[in-house]
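S.K.: Below you'll find input.cif; it's mmCIF, C-alpha atoms.
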data_run
#
loop_
_atom_site.label_atom_id
_atom_site.label_comp_id
_atom_site.auth_asym_id
_atom_site.auth_seq_id
_atom_site.Cartn_x
_atom_site.Cartn_y
_atom_site.Cartn_z
CA MET A 637 5.57 17.32 -14.77
CA SER A 638 2.38 19.14 -13.84
CA THR A 639 2.48 21.19 -17.03
CA SER A 640 2.60 18.21 -19.41
CA PRO A 641 -0.50 17.70 -21.55
CA GLU A 642 -1.12 14.24 -20.15
CA SER A 643 -1.60 15.86 -16.73
CA SER A 644 -4.62 17.68 -18.07
CA TRP A 645 -6.29 14.38 -18.94
CA SER A 646 -8.66 13.88 -16.06
CA LEU A 647 -9.49 10.66 -14.26
CA PHE A 648 -12.76 8.86 -15.05
CA GLU A 649 -14.36 5.87 -13.36
CA VAL A 650 -15.67 3.28 -15.81
CA PHE A 651 -18.88 1.25 -15.40
CA ILE A 652 -19.80 -1.59 -17.75
CA ARG A 653 -23.12 -3.30 -18.34
CA SER A 654 -22.03 -6.84 -19.08
CA LYS A 655 -25.35 -7.98 -20.54
CA GLN A 656 -28.61 -6.33 -21.47
CA GLY A 657 -30.81 -6.42 -18.39
CA LEU A 658 -27.99 -6.30 -15.84
CA ASP A 659 -26.65 -3.32 -13.85
CA HIS A 660 -23.65 -1.30 -14.88
CA LYS A 661 -20.78 -2.34 -12.63
CA HIS A 662 -17.60 -0.48 -11.73
CA VAL A 663 -14.62 -2.01 -13.54
CA GLY A 664 -11.79 0.50 -13.10
CA SER A 665 -10.60 3.92 -14.10
CA LEU A 666 -8.65 5.68 -16.81
CA HIS A 667 -7.39 9.09 -17.91
CA ALA A 668 -8.95 10.89 -20.87
CA SER A 669 -9.14 14.36 -22.35
CA ASP A 670 -12.94 14.48 -21.97
CA ALA A 671 -15.93 12.21 -21.35
CA ALA A 672 -16.41 11.19 -24.99
CA HIS A 673 -12.73 10.29 -25.21
CA ALA A 674 -13.07 8.29 -21.97
CA VAL A 675 -15.87 6.20 -23.51
CA THR A 676 -13.68 5.43 -26.54
CA LEU A 677 -10.72 4.43 -24.38
CA ALA A 678 -12.93 2.40 -22.03
CA ARG A 679 -14.16 0.42 -25.02
CA ASP A 680 -10.57 -0.48 -25.94
CA VAL A 681 -9.42 -1.20 -22.41
CA TYR A 682 -12.37 -2.92 -20.79
CA THR A 683 -14.37 -4.65 -23.55
CA ARG A 684 -11.75 -6.42 -25.68
CA ARG A 685 -13.51 -9.75 -25.11
CA GLN A 686 -17.15 -8.71 -25.31
CA GLU A 687 -17.27 -7.93 -21.59
CA GLY A 688 -19.92 -5.31 -22.14
CA VAL A 689 -22.84 -3.94 -24.13
CA SER A 690 -22.87 -0.45 -22.59
CA ILE A 691 -20.36 1.89 -20.96
CA TRP A 692 -20.77 4.70 -18.43
CA VAL A 693 -17.94 7.04 -17.52
CA VAL A 694 -18.05 9.42 -14.56
CA PRO A 695 -15.42 12.01 -13.61
CA SER A 696 -13.76 10.49 -10.54
CA ASN A 697 -13.98 13.74 -8.62
CA ALA A 698 -17.77 13.77 -9.07
CA ILE A 699 -18.16 10.77 -6.82
CA THR A 700 -18.97 11.30 -3.16
CA ALA A 701 -18.25 8.30 -0.96
CA SER A 702 -19.23 7.33 2.56
CA ASP A 703 -16.50 7.78 5.14
CA PRO A 704 -14.70 4.49 5.86
CA ASP A 705 -14.22 5.61 9.48
CA GLN A 706 -18.01 5.74 9.79
CA ARG A 707 -18.39 2.22 8.49
CA ALA A 708 -19.38 0.72 11.83
CA ASP A 709 -21.85 3.55 12.63
CA ASN A 710 -23.37 3.34 9.18
CA PHE A 711 -23.72 -0.34 8.64
CA ASP A 712 -23.36 -2.33 11.86
CA PRO A 713 -26.81 -1.41 13.25
CA MET A 714 -28.40 -3.53 10.54
CA ALA A 715 -26.69 -6.64 11.88
CA SER A 716 -29.25 -6.87 14.70
CA LYS A 717 -32.27 -6.44 12.46
CA ILE A 718 -32.41 -9.96 11.22
CA TYR A 719 -36.22 -9.83 11.25
CA ARG A 720 -35.92 -7.96 7.96
CA HIS A 721 -34.98 -11.24 6.28
CA PRO A 722 -37.58 -13.84 5.33
CA THR A 723 -35.46 -16.61 6.85
CA PHE A 724 -36.14 -15.09 10.33
CA TYR A 725 -39.64 -16.58 10.28
CA ASP A 726 -40.55 -20.20 10.80
CA ILE A 727 -43.09 -21.51 8.37
CA PRO A 728 -44.81 -24.78 9.36
CA GLU A 729 -43.85 -27.66 7.17
CA GLU A 730 -47.51 -28.23 6.27
CA ILE A 731 -47.60 -24.81 4.66
CA GLY A 732 -44.66 -25.61 2.43
CA HIS A 733 -43.29 -22.90 0.20
CA MET A 734 -44.22 -19.32 1.03
CA MET B 1097 2.63 -9.76 -17.85
CA TYR B 1098 4.50 -10.16 -14.73
CA THR B 1099 5.89 -9.02 -11.43
CA GLN B 1100 9.13 -10.18 -9.99
CA SER B 1101 10.06 -6.75 -8.97
CA LEU B 1102 8.43 -6.80 -5.61
CA ASP B 1103 11.67 -8.10 -4.30
CA LEU B 1104 13.94 -5.61 -5.95
CA PRO B 1105 15.41 -3.00 -3.68
CA ASN B 1106 15.19 0.61 -4.68
CA THR B 1107 13.03 2.44 -2.24
CA ASP B 1108 12.76 2.88 1.48
CA ALA B 1109 9.88 0.85 2.79
CA GLY B 1110 10.39 1.92 6.38
CA ASN B 1111 8.14 0.94 9.24
CA THR B 1112 7.42 4.33 10.71
CA ASP B 1113 3.84 5.48 10.84
CA SER B 1114 2.97 9.11 11.15
CA ALA B 1115 0.40 10.22 13.68
CA GLY B 1116 -3.23 9.34 13.03
CA LEU B 1117 -2.55 6.16 11.08
CA PRO B 1118 -3.54 2.78 12.47
CA THR B 1119 -1.01 1.01 14.59
CA GLU B 1120 0.84 -1.73 12.84
CA ALA B 1121 -0.79 -4.24 15.19
CA ALA B 1122 -4.35 -3.12 14.40
CA PHE B 1123 -3.60 -3.15 10.71
CA LEU B 1124 -2.00 -6.59 10.82
CA ALA B 1125 -5.06 -7.86 12.68
CA ARG B 1126 -7.26 -6.71 9.78
CA ILE B 1127 -4.95 -8.46 7.34
CA ALA B 1128 -5.01 -11.61 9.47
CA ARG B 1129 -8.82 -11.58 9.26
CA ASP B 1130 -8.35 -11.56 5.48
CA GLU B 1131 -10.09 -8.19 5.19
CA LYS B 1132 -9.42 -6.35 1.96
CA ILE B 1133 -7.90 -2.90 2.30
CA GLU B 1134 -9.57 -0.29 0.07
CA PRO B 1135 -8.17 3.07 -1.11
CA GLN B 1136 -9.88 5.25 1.48
CA ASP B 1137 -9.07 2.97 4.41
CA ALA B 1138 -6.36 4.00 6.83
CA MET B 1139 -3.13 2.10 6.20
CA PRO B 1140 0.47 2.31 7.40
CA GLU B 1141 2.56 4.60 5.24
CA ALA B 1142 5.07 1.81 4.64
CA TYR B 1143 2.28 -0.45 3.28
CA ARG B 1144 1.20 2.30 0.90
CA LYS B 1145 4.75 2.95 -0.26
CA SER B 1146 5.56 -0.70 -0.69
CA LEU B 1147 2.41 -1.27 -2.76
CA ILE B 1148 3.06 1.75 -4.96
CA ARG B 1149 6.56 0.42 -5.61
CA GLN B 1150 5.37 -3.08 -6.43
CA ILE B 1151 2.30 -2.13 -8.50
CA SER B 1152 4.12 0.53 -10.51
CA GLN B 1153 7.03 -1.82 -11.23
CA HIS B 1154 4.48 -4.41 -12.30
CA ALA B 1155 2.81 -1.83 -14.58
CA HIS B 1156 6.17 -0.86 -16.08
CA SER B 1157 6.87 -4.54 -16.78
CA GLU B 1158 3.61 -4.85 -18.71
CA VAL B 1159 4.38 -1.80 -20.80
CA VAL B 1160 8.04 -2.65 -21.49
CA GLY B 1161 6.92 -6.22 -22.15
CA MET B 1162 5.21 -5.02 -25.32
CA LEU B 1163 8.58 -4.19 -26.88
CA PRO B 1164 10.25 -7.60 -27.34
CA GLU B 1165 7.05 -8.98 -28.87
CA GLY B 1166 6.30 -5.89 -30.94
CA ASN B 1167 9.54 -6.78 -32.67
CA TRP B 1168 7.75 -9.66 -34.46
CA ILE B 1169 4.33 -8.20 -35.31
CA THR B 1170 5.34 -7.23 -38.84
CA ARG B 1171 7.15 -10.51 -39.36
CA ALA B 1172 4.68 -13.01 -37.92
CA PRO B 1173 4.59 -16.08 -40.20
CA SER B 1174 0.87 -15.86 -41.03
CA LEU B 1175 -2.05 -13.46 -40.80
CA LYS B 1176 -3.54 -15.57 -38.01
CA ARG B 1177 -0.35 -15.42 -35.94
CA LYS B 1178 -0.12 -11.68 -36.59
CA GLU B 1179 -3.67 -11.06 -35.38
CA ILE B 1180 -3.03 -13.15 -32.27
CA LEU B 1181 0.21 -11.35 -31.50
CA LEU B 1182 -1.42 -7.94 -31.98
CA ALA B 1183 -4.18 -8.96 -29.56
CA LYS B 1184 -1.62 -10.16 -27.02
CA VAL B 1185 0.47 -7.00 -27.20
CA GLN B 1186 -2.70 -4.92 -26.88
CA ASP B 1187 -3.56 -6.94 -23.75
CA GLU B 1188 -0.17 -6.09 -22.25
CA GLY B 1189 -0.86 -2.39 -22.76
CA GLY B 1190 -4.23 -2.87 -21.07
CA HIS B 1191 -2.59 -4.69 -18.16
CA GLY B 1192 -0.25 -1.74 -17.72
CA LEU B 1193 -3.25 0.56 -17.55
CA TYR B 1194 -5.15 -1.56 -15.00
CA LEU B 1195 -2.05 -1.53 -12.81
CA TYR B 1196 -1.21 2.16 -13.16
CA SER B 1197 -4.83 2.86 -12.18
CA ALA B 1198 -4.50 0.62 -9.12
CA ALA B 1199 -1.32 2.46 -8.08
CA GLU B 1200 -3.08 5.81 -8.55
CA THR B 1201 -5.71 4.81 -5.98
CA LEU B 1202 -2.85 4.93 -3.47
CA GLY B 1203 -2.07 8.54 -4.36
CA ALA B 1204 0.72 7.92 -6.88
CA SER B 1205 0.63 10.22 -9.91
CA ARG B 1206 0.66 8.68 -13.37
CA ASP B 1207 3.12 11.28 -14.62
CA ASP B 1208 5.55 10.58 -11.78
CA MET B 1209 5.41 6.83 -12.41
CA ILE B 1210 6.02 7.22 -16.16
CA ASP B 1211 8.78 9.70 -15.44
CA ALA B 1212 10.44 7.23 -13.05
CA LEU B 1213 10.38 4.54 -15.75
CA HIS B 1214 11.72 6.81 -18.47
CA SER B 1215 14.49 8.25 -16.34
CA GLY B 1216 15.67 4.73 -15.48
CA LYS B 1217 14.88 5.21 -11.79
CA ALA B 1218 12.12 2.59 -11.68
CA LYS B 1219 12.69 -1.11 -12.17
CA TYR B 1220 10.78 -3.49 -14.41
CA SER B 1221 11.01 -7.23 -14.92
CA SER B 1222 14.52 -8.29 -15.94
CA ILE B 1223 13.15 -10.78 -18.48
CA PHE B 1224 12.33 -8.04 -21.01
CA ASN B 1225 15.96 -7.07 -21.31
CA TYR B 1226 16.64 -10.20 -23.36
CA PRO B 1227 16.39 -10.06 -27.17
CA THR B 1228 13.78 -11.83 -29.33
CA ASP B 1229 16.04 -13.02 -32.13
CA SER B 1230 13.76 -15.62 -33.67
CA TRP B 1231 10.04 -16.23 -34.14
CA ALA B 1232 10.38 -19.17 -31.77
CA ASP B 1233 11.16 -16.65 -29.01
CA ILE B 1234 7.59 -15.33 -29.32
CA GLY B 1235 6.34 -18.85 -28.63
CA THR B 1236 8.75 -19.37 -25.76
CA ILE B 1237 7.84 -16.05 -24.17
CA GLY B 1238 4.17 -17.01 -24.17
CA TRP B 1239 4.72 -20.57 -22.96
CA LEU B 1240 7.48 -20.05 -20.39
CA VAL B 1241 7.59 -16.35 -19.52
CA ASP B 1242 3.83 -15.87 -19.37
CA GLY B 1243 3.55 -19.27 -17.69
CA ALA B 1244 5.92 -18.06 -14.97
CA ALA B 1245 4.01 -14.78 -14.81
CA ILE B 1246 0.72 -16.58 -14.21
CA MET B 1247 2.29 -18.59 -11.43
CA ASN B 1248 3.43 -15.35 -9.81
CA GLN B 1249 0.21 -13.50 -10.42
CA VAL B 1250 -2.48 -15.97 -9.42
CA PRO B 1251 -1.64 -15.60 -5.70
CA LEU B 1252 -1.80 -11.80 -6.15
CA CYS B 1253 -5.51 -12.13 -6.99
CA ARG B 1254 -5.92 -12.75 -3.24
CA CYS B 1255 -3.63 -9.97 -2.09
CA SER B 1256 -4.81 -7.67 0.68
CA TYR B 1257 -5.16 -4.50 -1.39
CA GLY B 1258 -8.54 -4.54 -3.15
CA PRO B 1259 -7.76 -2.57 -6.33
CA TYR B 1260 -4.56 -4.58 -6.94
CA ALA B 1261 -6.35 -7.89 -6.36
CA ARG B 1262 -9.17 -6.92 -8.74
CA ALA B 1263 -6.73 -5.79 -11.42
CA MET B 1264 -4.89 -9.10 -11.09
CA ILE B 1265 -8.07 -11.14 -11.55
CA ARG B 1266 -8.63 -9.36 -14.85
CA VAL B 1267 -4.98 -9.78 -15.85
CA CYS B 1268 -4.87 -13.50 -15.02
CA LYS B 1269 -7.94 -14.24 -17.13
CA GLU B 1270 -6.27 -12.69 -20.15
CA GLU B 1271 -2.83 -14.11 -19.38
CA SER B 1272 -4.11 -17.64 -19.85
CA PHE B 1273 -4.65 -16.89 -23.55
CA HIS B 1274 -1.06 -15.60 -23.72
CA GLN B 1275 0.42 -18.80 -22.39
CA ARG B 1276 -1.67 -21.07 -24.60
CA GLN B 1277 -0.94 -19.13 -27.78
CA GLY B 1278 2.78 -19.36 -26.93
CA PHE B 1279 2.59 -23.10 -26.35
CA ASP B 1280 0.73 -23.38 -29.65
CA ILE B 1281 3.55 -21.59 -31.50
CA VAL B 1282 6.23 -23.82 -29.93
CA ARG B 1283 4.16 -26.92 -30.60
CA ALA B 1284 3.72 -26.00 -34.26
CA LEU B 1285 7.49 -25.59 -34.58
CA CYS B 1286 8.15 -28.90 -32.79
CA GLU B 1287 5.77 -30.71 -35.13
CA GLY B 1288 7.35 -29.03 -38.16
CA THR B 1289 10.62 -29.60 -39.99
CA PRO B 1290 13.82 -30.52 -38.10
CA ALA B 1291 15.03 -26.96 -38.69
CA GLN B 1292 11.87 -25.54 -37.11
CA LYS B 1293 12.17 -27.87 -34.16
CA GLN B 1294 15.76 -26.79 -33.72
CA LEU B 1295 14.61 -23.17 -33.67
CA ALA B 1296 12.27 -24.03 -30.79
CA GLN B 1297 15.00 -25.91 -28.91
CA GLU B 1298 17.49 -23.07 -29.24
CA SER B 1299 14.90 -20.61 -28.05
CA VAL B 1300 14.07 -22.70 -24.96
CA ASN B 1301 17.80 -22.99 -24.26
CA ARG B 1302 18.08 -19.20 -24.28
CA TRP B 1303 14.97 -18.45 -22.18
CA TRP B 1304 14.93 -21.22 -19.57
CA TRP B 1305 17.31 -19.67 -17.04
CA PRO B 1306 16.12 -16.07 -17.41
CA THR B 1307 12.57 -17.39 -16.89
CA LEU B 1308 13.54 -19.11 -13.64
CA MET B 1309 15.11 -15.83 -12.52
CA MET B 1310 11.75 -14.11 -12.94
CA PHE B 1311 10.69 -15.53 -9.59
CA GLY B 1312 13.22 -13.28 -7.94
CA PRO B 1313 16.04 -13.92 -5.46
CA HIS B 1314 16.11 -16.87 -3.10
CA ASP B 1315 13.82 -16.43 -0.11
CA SER B 1316 16.90 -16.05 2.07
CA ASP B 1317 18.14 -13.11 -0.06
CA SER B 1318 14.83 -11.44 -0.69
CA GLU B 1319 14.71 -8.26 1.32
CA HIS B 1320 11.06 -7.33 0.86
CA SER B 1321 9.47 -10.78 1.06
CA GLY B 1322 9.06 -11.01 4.83
CA GLN B 1323 7.18 -7.76 5.14
CA ALA B 1324 5.15 -8.43 1.98
CA ASN B 1325 4.07 -11.76 3.49
CA ALA B 1326 3.00 -10.14 6.74
CA TRP B 1327 0.95 -7.58 4.84
CA GLY B 1328 -0.85 -10.17 2.77
CA ILE B 1329 0.68 -8.83 -0.45
CA LYS B 1330 2.79 -11.86 -1.21
CA ARG B 1331 1.23 -15.21 -0.44
CA ILE B 1332 3.77 -17.76 -1.68
CA SER B 1333 7.56 -17.52 -1.52
CA ASN B 1334 9.84 -17.00 -4.54
CA ASP B 1335 11.47 -20.42 -4.16
CA ASP B 1336 8.17 -22.27 -3.77
CA LEU B 1337 6.75 -20.61 -6.89
CA ARG B 1338 9.93 -21.39 -8.84
CA GLN B 1339 9.77 -25.05 -7.78
CA THR B 1340 6.11 -25.32 -8.81
CA PHE B 1341 6.95 -23.80 -12.18
CA VAL B 1342 9.76 -26.30 -12.80
CA ASP B 1343 7.52 -29.19 -11.74
CA VAL B 1344 4.73 -28.31 -14.16
CA THR B 1345 7.00 -27.32 -17.06
CA VAL B 1346 9.23 -30.42 -17.25
CA PRO B 1347 6.40 -32.71 -18.48
CA GLN B 1348 5.26 -30.04 -20.97
CA ALA B 1349 8.76 -29.89 -22.46
CA ALA B 1350 8.83 -33.68 -22.61
CA PHE B 1351 5.52 -33.69 -24.49
CA LEU B 1352 7.01 -31.30 -27.05
CA GLY B 1353 10.13 -33.44 -27.34
CA LEU B 1354 12.29 -30.56 -26.11
CA THR B 1355 15.05 -30.70 -23.53
CA LEU B 1356 15.65 -28.12 -20.82
CA PRO B 1357 19.24 -26.84 -20.63
CA ASP B 1358 20.04 -28.07 -17.12
CA PRO B 1359 22.19 -31.21 -16.63
CA LEU B 1360 21.19 -31.29 -12.94
CA LEU B 1361 17.46 -31.38 -13.67
CA GLU B 1362 16.24 -34.65 -12.16
CA TRP B 1363 13.14 -36.04 -10.42
CA ASN B 1364 13.65 -36.34 -6.69
CA ALA B 1365 11.19 -38.97 -5.46
CA GLU B 1366 11.97 -38.21 -1.83
CA ARG B 1367 11.03 -34.54 -2.16
CA GLY B 1368 8.32 -35.17 -4.73
CA HIS B 1369 9.81 -32.40 -6.84
CA TYR B 1370 12.35 -31.91 -9.59
CA ASP B 1371 15.83 -30.89 -8.45
CA PHE B 1372 17.45 -28.27 -10.63
CA GLY B 1373 20.80 -26.56 -10.99
CA PRO B 1374 21.91 -23.26 -9.44
CA LEU B 1375 20.88 -19.98 -11.05
CA ASP B 1376 23.43 -17.44 -12.20
CA TRP B 1377 22.64 -14.68 -9.72
CA ASP B 1378 25.46 -12.48 -11.03
CA GLU B 1379 23.65 -12.38 -14.35
CA PHE B 1380 20.36 -11.66 -12.60
CA TRP B 1381 21.69 -8.65 -10.70
CA ARG B 1382 23.60 -7.44 -13.74
CA VAL B 1383 20.39 -7.36 -15.78
CA VAL B 1384 18.32 -5.85 -12.95
CA ARG B 1385 20.88 -3.10 -12.48
CA GLY B 1386 20.75 -2.11 -16.13
CA ASP B 1387 23.47 -4.18 -17.77
CA GLY B 1388 21.37 -6.74 -19.62
CA PRO B 1389 21.55 -7.30 -23.38
CA CYS B 1390 18.70 -4.87 -24.17
CA ASN B 1391 18.22 -2.53 -21.19
CA ALA B 1392 19.29 0.62 -23.03
CA GLU B 1393 17.39 -0.31 -26.19
CA ARG B 1394 14.16 -0.96 -24.27
CA LEU B 1395 14.28 2.36 -22.43
CA ASN B 1396 15.15 4.27 -25.60
CA ASP B 1397 12.26 2.65 -27.47
CA ARG B 1398 9.89 3.40 -24.61
CA VAL B 1399 10.89 7.07 -24.37
CA GLU B 1400 10.80 7.45 -28.14
CA ALA B 1401 7.28 6.01 -28.33
CA PHE B 1402 6.20 8.36 -25.55
CA GLU B 1403 7.67 11.41 -27.26
CA LYS B 1404 6.33 10.46 -30.69
CA GLY B 1405 2.87 10.10 -29.18
CA ARG B 1406 2.98 13.49 -27.48
CA TRP B 1407 1.23 15.30 -30.34
CA VAL B 1408 -1.67 12.85 -30.11
CA ARG B 1409 -2.12 13.57 -26.42
CA GLU B 1410 -1.89 17.29 -27.04
CA ALA B 1411 -4.38 17.08 -29.90
CA ALA B 1412 -6.85 15.22 -27.68
CA VAL B 1413 -6.66 18.02 -25.12
CA ALA B 1414 -7.09 20.71 -27.80
CA HIS B 1415 -10.05 18.80 -29.27
CA ALA B 1416 -11.70 18.48 -25.87
CA ALA B 1417 -11.15 22.19 -25.13
CA ARG B 1418 -12.68 23.24 -28.46
CA HIS B 1419 -15.73 21.04 -27.91
CA ALA B 1420 -16.19 22.39 -24.40
CA ALA B 1421 -15.95 25.97 -25.72
CA ARG B 1422 -18.45 25.24 -28.49
CA ALA B 1423 -20.91 23.75 -25.98
CA VAL B 1424 -20.64 26.90 -23.88
CA SER B 1425 -21.20 29.20 -26.86
CA ILE B 1426 -24.24 27.22 -28.05
CA ALA B 1427 -25.68 27.38 -24.52
CA SER B 1428 -25.20 31.15 -24.31
CA GLU B 1429 -26.76 31.64 -27.77
CA LYS B 1430 -29.81 29.76 -26.55
CA ILE B 1431 -30.03 31.96 -23.48
CA ALA B 1432 -29.66 35.08 -25.63
CA ALA B 1433 -32.44 33.85 -27.90
#
Just give me the structure of the file as structure tokens.
M.R.:
Amino acid sequence: MSTSPESSWSLFEVFIRSKQGLDHKHVGSLHASDAAHAVTLARDVYTRRQEGVSIWVVPSNAITASDPDQRADNFDPMASKIYRHPTFYDIPEEIGHM
Amino acid sequence: MYTQSLDLPNTDAGNTDSAGLPTEAAFLARIARDEKIEPQDAMPEAYRKSLIRQISQHAHSEVVGMLPEGNWITRAPSLKRKEILLAKVQDEGGHGLYLYSAAETLGASRDDMIDALHSGKAKYSSIFNYPTDSWADIGTIGWLVDGAAIMNQVPLCRCSYGPYARAMIRVCKEESFHQRQGFDIVRALCEGTPAQKQLAQESVNRWWWPTLMMFGPHDSDSEHSGQANAWGIKRISNDDLRQTFVDVTVPQAAFLGLTLPDPLLEWNAERGHYDFGPLDWDEFWRVVRGDGPCNAERLNDRVEAFEKGRWVREAAVAHAARHAARAVSIASEKIAA
């Protein structure tokens, strides 16, 4: 099967901006012959009900991800740094909103 | 449209883990904490295999599900109904794509999955091997078949595998339109002439039992259910889902003035549920194993559509290659200049 033409369609990740002013968000992936083709297909697959106003496609193999095995090392240290959040600090009632 | 196939045997979902993978106990603990499993996370090989089987069968069901309805696109009774049906069939194609993509995140190749469908090796939902002889069948498929599908699929939105759960959320949103448009077709027929109402009744008579079979074998006969429950893939049992479906559908049929073809169907106040008659499991297994009214026709149509579309796929590749070559030659001209 590796010689069939559909095999030479590469995999793209699709990102959709749902509304002007919001971020593009990952919605899924699809196969296409090139990037322009991927945008066309993404329009048909992911915006049939006005889910978006803009589409990004990225070749899947261009994405570098953090290692899931490193998840604890990467992200757990932040759990103890609660002083980075405004709710860590008591504000006297007399002061009100700050 | 639907997955019943998670319970259909055809692959070896063994329990052996090769070295380096998490122990079953550690993995089950993650599942018990309701953690989602994502593509790059370590997972038992049997979990991966089982998901690939279920998600690809689900994808095949979406794609084959376009065929019985496609039968009526050119003969829909009005432009409005035709537009709606086109949109629905297009949705089914999209659902197939979401699901194939989810299966690919587990390392399955799209070509292999399509090949398994076309060679008859892979299963898809038995319901699509029944014919759509009348326009009323398009209504009944939406109302009953998609209704049963939603009941099956809503719990999958919470399944443990992230990409599958996210695909199902998208599918369920769109599926709700499918069920309502089907109910709308049946309702229009029931409020029409006696002949139209009879068309609806005959259609419901044909589809009722096959729809109940969509929920799969009894829990006691369902070989994959136990493991799928433990892995957080299946949340509610086949029999419980089937009962819920009967309970919600009986009043809908009554509203339409239609009867359901089961003399044993009766409210059981003690159980708080409707009792219903036994399903014809011989028919179920016959259809699953390839001997339904339309199995051969569906596969032929699917393979033919794939082959007839081959030149389009090849042309897309040729087009992309020519554009890439042109971009390179323009770039080198600029450098030369």
S.K.: Going by the chain IDs and residue numbers used in this file, which residues fall under the PyMOL selection byres ((chain B) within 10 of (chain A))? Write them as a PyMOL selection string.
M.R.: chain B and resi 1134-1138+1183+1186-1187+1189-1191+1193-1198+1200-1201+1205-1208+1211+1259+1262-1263+1266+1270+1406-1417+1419-1420
S.K.: So the first atom is atom CA of B:Trp1327 and the second is atom CA of B:Ser1152; what is the distance between them in Å, to one decimal place?
M.R.: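 Spanning atom CA of B:Trp1327 to atom CA of B:Ser1152 is a straight-line distance of 17.6 Å.
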S.K.: For the structure shown, which residues end up in the PyMOL selection byres ((chain B and resi 1360) around 8)? Put them as an NGL selection string, please?
M.R.: :B and (1358-1359 or 1361-1362 or 1371-1373)
S.K.: Write out as a PyMOL selection string which residues come within 12 Å of A:Pro722 when counting all atoms listed in the file, dropping same-chain ones fewer than 4 positions away.
M.R.: chain A and resi 717-718+726-727+733-734
S.K.: Can you give me, as a compact mmCIF listing (two decimals) with C-alpha atoms, keeping the file's coordinate frame, the residues this file yields under the PyMOL selection byres ((chain B and resi 1390-1397) around 9)?
M.R.:
# COMPACT_ATOMS: atom_id res chain seq x y z
CA VAL B 1160 8.04 -2.65 -21.49
CA LEU B 1163 8.58 -4.19 -26.88
CA PRO B 1164 10.25 -7.60 -27.34
CA LEU B 1213 10.38 4.54 -15.75
CA HIS B 1214 11.72 6.81 -18.47
CA SER B 1215 14.49 8.25 -16.34
CA GLY B 1216 15.67 4.73 -15.48
CA SER B 1222 14.52 -8.29 -15.94
CA PHE B 1224 12.33 -8.04 -21.01
CA ASN B 1225 15.96 -7.07 -21.31
CA TYR B 1226 16.64 -10.20 -23.36
CA PRO B 1227 16.39 -10.06 -27.17
CA VAL B 1383 20.39 -7.36 -15.78
CA VAL B 1384 18.32 -5.85 -12.95
CA GLY B 1386 20.75 -2.11 -16.13
CA ASP B 1387 23.47 -4.18 -17.77
CA GLY B 1388 21.37 -6.74 -19.62
CA PRO B 1389 21.55 -7.30 -23.38
CA ARG B 1398 9.89 3.40 -24.61
CA VAL B 1399 10.89 7.07 -24.37
CA GLU B 1400 10.80 7.45 -28.14
CA ALA B 1401 7.28 6.01 -28.33
CA PHE B 1402 6.20 8.36 -25.55
S.K.: One decimal, Å: what's the distance from atom CA of B:Gly1328 over to atom CA of B:Leu1252, could you say?
M.R.: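 Here the two named atoms are 9.1 Å from each other.
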S.K.: For A:Lys655, please output as a list of chain:residue names all residues within 12 Å (counting all atoms listed in the file; exclusion window: fewer than 6 positions along the same chain).
M.R.: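 Those residues are A:Lys661, A:Thr683, A:Gln686, A:Glu687, A:Gly688, A:Val689, A:Ser690, A:Ile691.
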